[in-house]
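Structure file final00.pdb with PDB, C-alpha atoms, pLDDT in the B column:
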ATOM      1  CA  ALA A   1       4.338 -10.686   4.218  1.00 78.00           C
ATOM      2  CA  GLN A   2       2.805  -8.417   1.624  1.00 85.00           C
ATOM      3  CA  SER A   3       3.657  -4.741   1.310  1.00 91.00           C
ATOM      4  CA  VAL A   4       2.699  -1.755  -0.810  1.00 94.00           C
ATOM      5  CA  THR A   5       4.775   1.245  -1.821  1.00 95.00           C
ATOM      6  CA  GLN A   6       3.358   4.482  -3.117  1.00 96.00           C
ATOM      7  CA  PRO A   7       6.478   6.497  -3.918  1.00 96.00           C
ATOM      8  CA  ASP A   8       4.703   9.803  -4.442  1.00 95.00           C
ATOM      9  CA  ILE A   9       3.451  11.429  -1.265  1.00 94.00           C
ATOM     10  CA  HIS A  10       1.993  14.443  -3.023  1.00 96.00           C
ATOM     11  CA  ILE A  11       1.204  15.146  -6.678  1.00 97.00           C
ATOM     12  CA  THR A  12      -0.082  18.316  -8.273  1.00 97.00           C
ATOM     13  CA  VAL A  13      -1.673  18.318 -11.710  1.00 97.00           C
ATOM     14  CA  SER A  14      -3.571  20.855 -13.740  1.00 97.00           C
ATOM     15  CA  GLU A  15      -7.237  20.304 -14.382  1.00 97.00           C
ATOM     16  CA  GLY A  16      -7.647  18.498 -17.689  1.00 97.00           C
ATOM     17  CA  ALA A  17      -4.196  16.983 -17.591  1.00 98.00           C
ATOM     18  CA  SER A  18      -3.557  13.263 -17.428  1.00 98.00           C
ATOM     19  CA  LEU A  19      -2.726  11.531 -14.177  1.00 98.00           C
ATOM     20  CA  GLU A  20      -0.733   8.494 -13.174  1.00 98.00           C
ATOM     21  CA  LEU A  21      -0.321   7.426  -9.566  1.00 98.00           C
ATOM     22  CA  ARG A  22       2.300   4.811  -8.923  1.00 98.00           C
ATOM     23  CA  CYS A  23       1.924   1.699  -6.835  1.00 98.00           C
ATOM     24  CA  ASN A  24       4.363  -1.154  -6.333  1.00 97.00           C
ATOM     25  CA  TYR A  25       3.564  -4.213  -4.305  1.00 95.00           C
ATOM     26  CA  SER A  26       5.365  -7.153  -2.826  1.00 92.00           C
ATOM     27  CA  TYR A  27       3.546 -10.459  -2.529  1.00 86.00           C
ATOM     28  CA  GLY A  28       4.626 -14.011  -3.210  1.00 78.00           C
ATOM     29  CA  ALA A  29       1.566 -15.214  -5.068  1.00 81.00           C
ATOM     30  CA  THR A  30      -0.951 -13.581  -7.373  1.00 80.00           C
ATOM     31  CA  PRO A  31      -2.122 -10.530  -5.479  1.00 87.00           C
ATOM     32  CA  TYR A  32      -5.509  -8.999  -5.031  1.00 91.00           C
ATOM     33  CA  LEU A  33      -5.017  -5.303  -5.778  1.00 94.00           C
ATOM     34  CA  PHE A  34      -7.151  -2.291  -4.990  1.00 94.00           C
ATOM     35  CA  TRP A  35      -7.231   1.441  -5.399  1.00 97.00           C
ATOM     36  CA  TYR A  36      -9.242   3.528  -2.967  1.00 95.00           C
ATOM     37  CA  VAL A  37      -9.935   7.240  -2.769  1.00 96.00           C
ATOM     38  CA  GLN A  38     -10.402   9.081   0.521  1.00 92.00           C
ATOM     39  CA  SER A  39     -12.040  12.487   0.647  1.00 88.00           C
ATOM     40  CA  PRO A  40     -12.259  14.563   3.818  1.00 81.00           C
ATOM     41  CA  GLY A  41     -15.182  13.514   5.965  1.00 75.00           C
ATOM     42  CA  GLN A  42     -15.947  10.498   3.828  1.00 79.00           C
ATOM     43  CA  GLY A  43     -14.977   6.892   3.997  1.00 82.00           C
ATOM     44  CA  LEU A  44     -12.594   5.263   1.591  1.00 89.00           C
ATOM     45  CA  GLN A  45     -14.298   4.493  -1.675  1.00 92.00           C
ATOM     46  CA  LEU A  46     -13.256   1.668  -3.941  1.00 92.00           C
ATOM     47  CA  LEU A  47     -12.184   2.926  -7.364  1.00 96.00           C
ATOM     48  CA  LEU A  48     -11.273  -0.422  -8.853  1.00 95.00           C
ATOM     49  CA  LYS A  49      -9.866  -3.832  -8.056  1.00 93.00           C
ATOM     50  CA  TYR A  50      -7.917  -6.598  -9.724  1.00 93.00           C
ATOM     51  CA  PHE A  51      -8.427 -10.197  -8.739  1.00 89.00           C
ATOM     52  CA  SER A  52      -7.694 -12.025 -11.998  1.00 87.00           C
ATOM     53  CA  GLY A  53      -8.262 -11.863 -15.735  1.00 89.00           C
ATOM     54  CA  ASP A  54      -7.703  -8.788 -17.876  1.00 92.00           C
ATOM     55  CA  THR A  55      -4.755  -6.863 -16.496  1.00 93.00           C
ATOM     56  CA  LEU A  56      -6.245  -3.507 -17.508  1.00 97.00           C
ATOM     57  CA  VAL A  57      -8.999  -2.730 -15.063  1.00 97.00           C
ATOM     58  CA  GLN A  58     -11.631  -0.071 -15.516  1.00 97.00           C
ATOM     59  CA  GLY A  59     -13.043   1.636 -12.478  1.00 97.00           C
ATOM     60  CA  ILE A  60     -15.430   4.346 -11.481  1.00 95.00           C
ATOM     61  CA  LYS A  61     -15.020   8.046 -12.186  1.00 95.00           C
ATOM     62  CA  GLY A  62     -13.019   7.387 -15.331  1.00 97.00           C
ATOM     63  CA  PHE A  63     -10.082   5.729 -13.586  1.00 98.00           C
ATOM     64  CA  GLU A  64      -8.214   2.685 -14.820  1.00 98.00           C
ATOM     65  CA  ALA A  65      -5.255   0.689 -13.572  1.00 98.00           C
ATOM     66  CA  GLU A  66      -2.942  -1.823 -15.155  1.00 97.00           C
ATOM     67  CA  PHE A  67      -1.505  -4.840 -13.363  1.00 95.00           C
ATOM     68  CA  LYS A  68       2.037  -5.538 -14.495  1.00 95.00           C
ATOM     69  CA  ARG A  69       3.353  -8.652 -12.863  1.00 93.00           C
ATOM     70  CA  SER A  70       6.872  -8.231 -14.259  1.00 93.00           C
ATOM     71  CA  GLN A  71       7.142  -4.825 -12.613  1.00 95.00           C
ATOM     72  CA  SER A  72       5.076  -5.643  -9.512  1.00 94.00           C
ATOM     73  CA  SER A  73       3.079  -2.545 -10.255  1.00 96.00           C
ATOM     74  CA  PHE A  74      -0.539  -1.484 -10.313  1.00 97.00           C
ATOM     75  CA  ASN A  75      -0.501   2.154 -11.423  1.00 98.00           C
ATOM     76  CA  LEU A  76      -3.669   4.213 -11.471  1.00 98.00           C
ATOM     77  CA  ARG A  77      -4.409   6.423 -14.454  1.00 98.00           C
ATOM     78  CA  LYS A  78      -6.933   8.951 -15.590  1.00 98.00           C
ATOM     79  CA  PRO A  79      -6.735  10.701 -18.979  1.00 97.00           C
ATOM     80  CA  SER A  80      -8.231  14.016 -17.855  1.00 97.00           C
ATOM     81  CA  VAL A  81      -8.341  15.100 -14.230  1.00 98.00           C
ATOM     82  CA  HIS A  82     -11.236  17.078 -12.793  1.00 97.00           C
ATOM     83  CA  TRP A  83     -11.025  19.424  -9.805  1.00 96.00           C
ATOM     84  CA  SER A  84     -13.262  17.037  -7.886  1.00 95.00           C
ATOM     85  CA  ASP A  85     -10.580  14.350  -8.124  1.00 97.00           C
ATOM     86  CA  ALA A  86      -8.498  16.163  -5.509  1.00 96.00           C
ATOM     87  CA  ALA A  87      -8.240  13.663  -2.648  1.00 96.00           C
ATOM     88  CA  GLU A  88      -5.976  11.060  -1.103  1.00 95.00           C
ATOM     89  CA  TYR A  89      -5.486   7.850  -3.033  1.00 97.00           C
ATOM     90  CA  PHE A  90      -4.522   4.539  -1.500  1.00 96.00           C
ATOM     91  CA  CYS A  91      -3.252   1.444  -3.211  1.00 97.00           C
ATOM     92  CA  ALA A  92      -3.759  -1.807  -1.364  1.00 94.00           C
ATOM     93  CA  VAL A  93      -2.845  -5.459  -1.733  1.00 92.00           C
ATOM     94  CA  GLY A  94      -4.701  -8.409  -0.293  1.00 87.00           C
ATOM     95  CA  ALA A  95      -3.823 -12.018   0.230  1.00 76.00           C
ATOM     96  CA  SER A  96      -6.003 -14.865  -0.917  1.00 63.00           C
ATOM     97  CA  GLY A  97      -9.618 -14.390   0.004  1.00 60.00           C
ATOM     98  CA  GLY A  98      -9.952 -10.880  -1.317  1.00 65.00           C
ATOM     99  CA  TYR A  99     -10.603  -8.500   1.520  1.00 72.00           C
ATOM    100  CA  GLN A 100      -8.960 -10.331   4.380  1.00 72.00           C
ATOM    101  CA  LYS A 101      -5.562  -9.082   5.465  1.00 77.00           C
ATOM    102  CA  VAL A 102      -5.499  -6.112   3.131  1.00 87.00           C
ATOM    103  CA  THR A 103      -2.345  -3.994   3.392  1.00 90.00           C
ATOM    104  CA  PHE A 104      -2.534  -0.344   2.424  1.00 93.00           C
ATOM    105  CA  GLY A 105       0.106   1.957   1.022  1.00 94.00           C
ATOM    106  CA  THR A 106       0.852   5.293   2.644  1.00 93.00           C
ATOM    107  CA  GLY A 107      -1.264   7.180   0.159  1.00 95.00           C
ATOM    108  CA  THR A 108      -0.745   9.853  -2.473  1.00 96.00           C
ATOM    109  CA  LYS A 109      -2.370  13.214  -2.001  1.00 95.00           C
ATOM    110  CA  LEU A 110      -3.576  14.655  -5.276  1.00 97.00           C
ATOM    111  CA  GLN A 111      -3.914  18.393  -5.700  1.00 97.00           C
ATOM    112  CA  VAL A 112      -5.656  19.736  -8.808  1.00 97.00           C
ATOM    113  CA  ILE A 113      -4.940  23.283  -9.886  1.00 96.00           C
ATOM    114  CA  PRO A 114      -7.098  25.280 -12.302  1.00 92.00           C
TER
ATOM    115  CA  GLY B   1     -23.989   1.688  -2.758  1.00 63.00           C
ATOM    116  CA  ALA B   2     -23.779   0.239   0.692  1.00 70.00           C
ATOM    117  CA  VAL B   3     -23.183   2.641   3.542  1.00 88.00           C
ATOM    118  CA  VAL B   4     -21.185   2.266   6.720  1.00 92.00           C
ATOM    119  CA  SER B   5     -21.556   4.862   9.428  1.00 94.00           C
ATOM    120  CA  GLN B   6     -19.412   5.654  12.426  1.00 95.00           C
ATOM    121  CA  HIS B   7     -20.324   7.494  15.581  1.00 96.00           C
ATOM    122  CA  PRO B   8     -19.022   9.777  16.837  1.00 97.00           C
ATOM    123  CA  SER B   9     -17.133  11.464  14.020  1.00 94.00           C
ATOM    124  CA  ARG B  10     -14.803  13.084  16.502  1.00 96.00           C
ATOM    125  CA  VAL B  11     -14.296  12.823  20.228  1.00 97.00           C
ATOM    126  CA  ILE B  12     -12.064  14.515  22.741  1.00 97.00           C
ATOM    127  CA  CYS B  13     -11.532  12.863  26.081  1.00 96.00           C
ATOM    128  CA  LYS B  14      -9.348  13.098  29.143  1.00 96.00           C
ATOM    129  CA  SER B  15      -6.521  10.693  29.739  1.00 97.00           C
ATOM    130  CA  GLY B  16      -7.661   7.643  31.669  1.00 97.00           C
ATOM    131  CA  THR B  17     -11.222   7.615  30.403  1.00 97.00           C
ATOM    132  CA  SER B  18     -12.750   5.082  28.010  1.00 97.00           C
ATOM    133  CA  VAL B  19     -14.242   5.897  24.651  1.00 97.00           C
ATOM    134  CA  LYS B  20     -16.655   3.812  22.600  1.00 98.00           C
ATOM    135  CA  ILE B  21     -16.839   4.097  18.817  1.00 98.00           C
ATOM    136  CA  GLU B  22     -19.748   2.567  16.925  1.00 97.00           C
ATOM    137  CA  CYS B  23     -19.648   1.182  13.419  1.00 96.00           C
ATOM    138  CA  ARG B  24     -22.907   0.382  11.666  1.00 95.00           C
ATOM    139  CA  SER B  25     -23.710  -1.140   8.300  1.00 93.00           C
ATOM    140  CA  LEU B  26     -26.825   0.774   7.345  1.00 91.00           C
ATOM    141  CA  ASP B  27     -28.333  -1.237   4.525  1.00 88.00           C
ATOM    142  CA  PHE B  28     -26.698  -4.624   4.656  1.00 90.00           C
ATOM    143  CA  GLN B  29     -25.695  -7.261   7.134  1.00 90.00           C
ATOM    144  CA  ALA B  30     -22.034  -7.739   7.835  1.00 88.00           C
ATOM    145  CA  THR B  31     -20.758 -10.854   9.521  1.00 85.00           C
ATOM    146  CA  THR B  32     -17.269  -9.411   9.356  1.00 89.00           C
ATOM    147  CA  MET B  33     -16.122  -5.911  10.120  1.00 93.00           C
ATOM    148  CA  PHE B  34     -12.613  -4.546  10.344  1.00 94.00           C
ATOM    149  CA  TRP B  35     -11.102  -1.861  12.529  1.00 96.00           C
ATOM    150  CA  TYR B  36      -8.218   0.227  11.245  1.00 95.00           C
ATOM    151  CA  ARG B  37      -6.089   2.958  12.706  1.00 96.00           C
ATOM    152  CA  GLN B  38      -4.681   5.682  10.524  1.00 92.00           C
ATOM    153  CA  PHE B  39      -1.784   7.863  11.587  1.00 86.00           C
ATOM    154  CA  PRO B  40      -0.978  11.171   9.847  1.00 81.00           C
ATOM    155  CA  LYS B  41       0.927  10.585   6.623  1.00 76.00           C
ATOM    156  CA  LYS B  42       0.678   6.863   7.237  1.00 80.00           C
ATOM    157  CA  SER B  43      -1.324   4.061   5.773  1.00 85.00           C
ATOM    158  CA  LEU B  44      -4.256   2.356   7.424  1.00 90.00           C
ATOM    159  CA  MET B  45      -3.138  -0.226   9.921  1.00 92.00           C
ATOM    160  CA  LEU B  46      -5.448  -3.164  10.489  1.00 92.00           C
ATOM    161  CA  MET B  47      -6.099  -3.512  14.199  1.00 95.00           C
ATOM    162  CA  ALA B  48      -8.571  -6.343  14.352  1.00 94.00           C
ATOM    163  CA  THR B  49     -11.199  -8.353  12.542  1.00 92.00           C
ATOM    164  CA  SER B  50     -14.578  -8.276  14.196  1.00 90.00           C
ATOM    165  CA  ASN B  51     -16.734 -11.352  13.745  1.00 87.00           C
ATOM    166  CA  GLU B  52     -20.419 -11.332  14.643  1.00 86.00           C
ATOM    167  CA  GLY B  53     -21.129 -13.531  17.602  1.00 84.00           C
ATOM    168  CA  SER B  54     -17.545 -14.449  18.329  1.00 86.00           C
ATOM    169  CA  LYS B  55     -14.361 -12.945  19.646  1.00 89.00           C
ATOM    170  CA  ALA B  56     -12.453 -10.499  17.542  1.00 92.00           C
ATOM    171  CA  THR B  57      -9.148 -11.462  15.972  1.00 93.00           C
ATOM    172  CA  TYR B  58      -6.431  -8.971  16.797  1.00 95.00           C
ATOM    173  CA  GLU B  59      -3.356  -8.204  14.726  1.00 92.00           C
ATOM    174  CA  GLN B  60       0.059  -8.654  16.227  1.00 92.00           C
ATOM    175  CA  GLY B  61       0.992  -5.811  18.523  1.00 93.00           C
ATOM    176  CA  VAL B  62      -2.578  -4.659  19.178  1.00 95.00           C
ATOM    177  CA  GLU B  63      -3.590  -4.972  22.821  1.00 95.00           C
ATOM    178  CA  LYS B  64      -6.942  -6.704  23.013  1.00 93.00           C
ATOM    179  CA  ASP B  65      -7.532  -5.524  26.563  1.00 95.00           C
ATOM    180  CA  LYS B  66      -6.870  -1.967  25.465  1.00 96.00           C
ATOM    181  CA  PHE B  67      -9.031  -2.028  22.369  1.00 97.00           C
ATOM    182  CA  LEU B  68     -12.197  -3.937  23.176  1.00 96.00           C
ATOM    183  CA  ILE B  69     -14.279  -5.006  20.214  1.00 95.00           C
ATOM    184  CA  ASN B  70     -17.848  -6.211  20.390  1.00 92.00           C
ATOM    185  CA  HIS B  71     -19.779  -7.349  17.325  1.00 90.00           C
ATOM    186  CA  ALA B  72     -23.136  -8.062  18.903  1.00 83.00           C
ATOM    187  CA  SER B  73     -25.286  -7.903  15.786  1.00 89.00           C
ATOM    188  CA  LEU B  74     -24.983  -8.194  12.045  1.00 90.00           C
ATOM    189  CA  THR B  75     -25.087  -4.413  11.673  1.00 93.00           C
ATOM    190  CA  LEU B  76     -23.102  -3.135  14.636  1.00 94.00           C
ATOM    191  CA  SER B  77     -19.557  -3.427  15.854  1.00 94.00           C
ATOM    192  CA  THR B  78     -18.102  -1.291  18.623  1.00 96.00           C
ATOM    193  CA  LEU B  79     -14.533  -0.414  19.492  1.00 97.00           C
ATOM    194  CA  THR B  80     -13.860   0.728  23.035  1.00 97.00           C
ATOM    195  CA  VAL B  81     -10.554   2.365  23.784  1.00 97.00           C
ATOM    196  CA  THR B  82     -10.062   1.696  27.473  1.00 97.00           C
ATOM    197  CA  SER B  83      -8.069   3.964  29.760  1.00 96.00           C
ATOM    198  CA  ALA B  84      -7.160   6.136  26.822  1.00 97.00           C
ATOM    199  CA  HIS B  85      -3.834   7.976  26.756  1.00 96.00           C
ATOM    200  CA  PRO B  86      -2.517  10.685  24.438  1.00 96.00           C
ATOM    201  CA  GLU B  87      -0.677   8.095  22.338  1.00 95.00           C
ATOM    202  CA  ASP B  88      -4.069   6.561  21.489  1.00 96.00           C
ATOM    203  CA  SER B  89      -5.016   9.756  19.682  1.00 96.00           C
ATOM    204  CA  SER B  90      -5.603   8.788  16.085  1.00 95.00           C
ATOM    205  CA  PHE B  91      -8.104   8.341  13.307  1.00 95.00           C
ATOM    206  CA  TYR B  92     -10.040   5.101  13.655  1.00 97.00           C
ATOM    207  CA  ILE B  93     -11.804   3.636  10.642  1.00 95.00           C
ATOM    208  CA  CYS B  94     -14.102   0.658  10.402  1.00 95.00           C
ATOM    209  CA  SER B  95     -15.148  -1.293   7.370  1.00 93.00           C
ATOM    210  CA  ALA B  96     -17.644  -3.996   6.555  1.00 92.00           C
ATOM    211  CA  ILE B  97     -17.829  -6.606   3.852  1.00 86.00           C
ATOM    212  CA  GLY B  98     -20.976  -6.578   1.762  1.00 79.00           C
ATOM    213  CA  SER B  99     -21.827  -7.513  -1.832  1.00 75.00           C
ATOM    214  CA  ASP B 100     -18.263  -8.650  -2.480  1.00 77.00           C
ATOM    215  CA  GLU B 101     -16.834  -5.288  -1.583  1.00 82.00           C
ATOM    216  CA  GLN B 102     -15.299  -3.689   1.477  1.00 87.00           C
ATOM    217  CA  PHE B 103     -17.165  -0.554   2.521  1.00 90.00           C
ATOM    218  CA  PHE B 104     -15.513   1.943   4.824  1.00 91.00           C
ATOM    219  CA  GLY B 105     -16.933   4.229   7.436  1.00 93.00           C
ATOM    220  CA  PRO B 106     -16.011   7.923   7.445  1.00 92.00           C
ATOM    221  CA  GLY B 107     -13.745   7.512  10.453  1.00 93.00           C
ATOM    222  CA  THR B 108     -13.601   8.784  14.015  1.00 96.00           C
ATOM    223  CA  ARG B 109     -11.008  11.296  15.137  1.00 95.00           C
ATOM    224  CA  LEU B 110     -10.000  10.552  18.731  1.00 97.00           C
ATOM    225  CA  THR B 111      -8.036  13.120  20.685  1.00 97.00           C
ATOM    226  CA  VAL B 112      -6.907  12.231  24.180  1.00 97.00           C
ATOM    227  CA  LEU B 113      -5.809  15.143  26.319  1.00 96.00           C
TER
END

Transcribe the structure of this file into structure tokens.
Amino acid sequence: AQSVTQPDIHITVSEGASLELRCNYSYGATPYLFWYVQSPGQGLQLLLKYFSGDTLVQGIKGFEAEFKRSQSSFNLRKPSVHWSDAAEYFCAVGASGGYQKVTFGTGTKLQVIP
Amino acid sequence: GAVVSQHPSRVICKSGTSVKIECRSLDFQATTMFWYRQFPKKSLMLMATSNEGSKATYEQGVEKDKFLINHASLTLSTLTVTSAHPEDSSFYICSAIGSDEQFFGPGTRLTVL
């Protein structure tokens, strides 16, 4: 069975600083990987996804993530964080078929300080 | 982008009563919708896959008689928590597949007294 680990429960960064959120997955075959952001009162929004191809994936809002098979990782990065990026971020892994049987990590809460 | 709505956004009910949560895809048709449950500090747990016109597929450990799912149209799926108890208090989230992406509703906070 697939699983996802987000080792950081809570991260605080200064506005303008760079950000990296860690995600490690466990899955026997080539995984489908996702990063979602959840803001209070809003549904989860897809930031980016990796299905195949280029291992560096560009997403919305200036986010990117890199799939590293050797490390079973899919870390999310942003070069300069904005106050509006404060939210909860979820990494997820799916089995074949994309969105079926998606397993979510426990989330990382991002706090942005001025 | 596509929008998924949920109603109500929050509900408080007495133990033993039933609560219905609606999930609607507002601008697209969804043959498949998913229902998740999210505990505090925990990840989203898939409860069931709702298929339009057929019975829902429940994940292991989820009581189908407790959590009734009806997907009567291509834009509406409902989750009914029957005979709710305090341990059913949680945040319930639905999602729908459209345009090769999974779109999530804003969630429903259920509190059972």

Expansion of the PyMOL selection byres ((chain A and resi 105) around 7) into residues, as a PyMOL selection string | (chain A and resi 4-6+90-92+103-104+106-107) or (chain B and resi 43)

Picked residues, the PyMOL selection byres ((chain A and resi 75) around 7), as a VMD selection string | chain A and resid 20 to 23 65 to 66 73 to 74 76 to 77

Shell around Thr82 in chain B at 8 Å using only C-alpha atoms, local window under 3 positions removed, as a CSV table (one decimal) with C-alpha atoms, keeping the file's coordinate frame:
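Below is the file that was written, result23.csv:
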chain,number,residue,atom,x,y,z
B,16,GLY,CA,-7.7,7.6,31.7
B,17,THR,CA,-11.2,7.6,30.4
B,18,SER,CA,-12.8,5.1,28.0
B,19,VAL,CA,-14.2,5.9,24.7
B,65,ASP,CA,-7.5,-5.5,26.6
B,66,LYS,CA,-6.9,-2.0,25.5
B,67,PHE,CA,-9.0,-2.0,22.4
B,68,LEU,CA,-12.2,-3.9,23.2

For Val81 in chain B: contacts at 12 Å, all atoms listed in the file, fewer than 3 positions along chain excluded, given as a ChimeraX atom specification | /B:11,13,15-22,37,62-70,78,84-90,92,110-112

Target residues per the ChimeraX specification (/B :<12) & /A, formatted as an MDAnalysis selection string | chainID A and resid 3:6 8:10 34:49 51 88:92 94 97:109

In Å, with one decimal, what is the gap from CA of Ser84 in chain A to CA of Pro7 in chain A?
->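 Interatomic distance here is 22.7 Å.
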
Work out how far apart CA of Ser73 in chain B and CA of Met47 in chain B are and give it in Å to one decimal.
-> 19.7 Å

Size and centre in Å, one decimal, axis-aligned box, all listed range 73-79 of chain A atoms plus 3 Å per side, as lines of an AutoDock Vina configuration file:
center_x = -1.9
center_y = 4.1
center_z = -14.6
size_x = 16.0
size_y = 19.2
size_z = 14.7
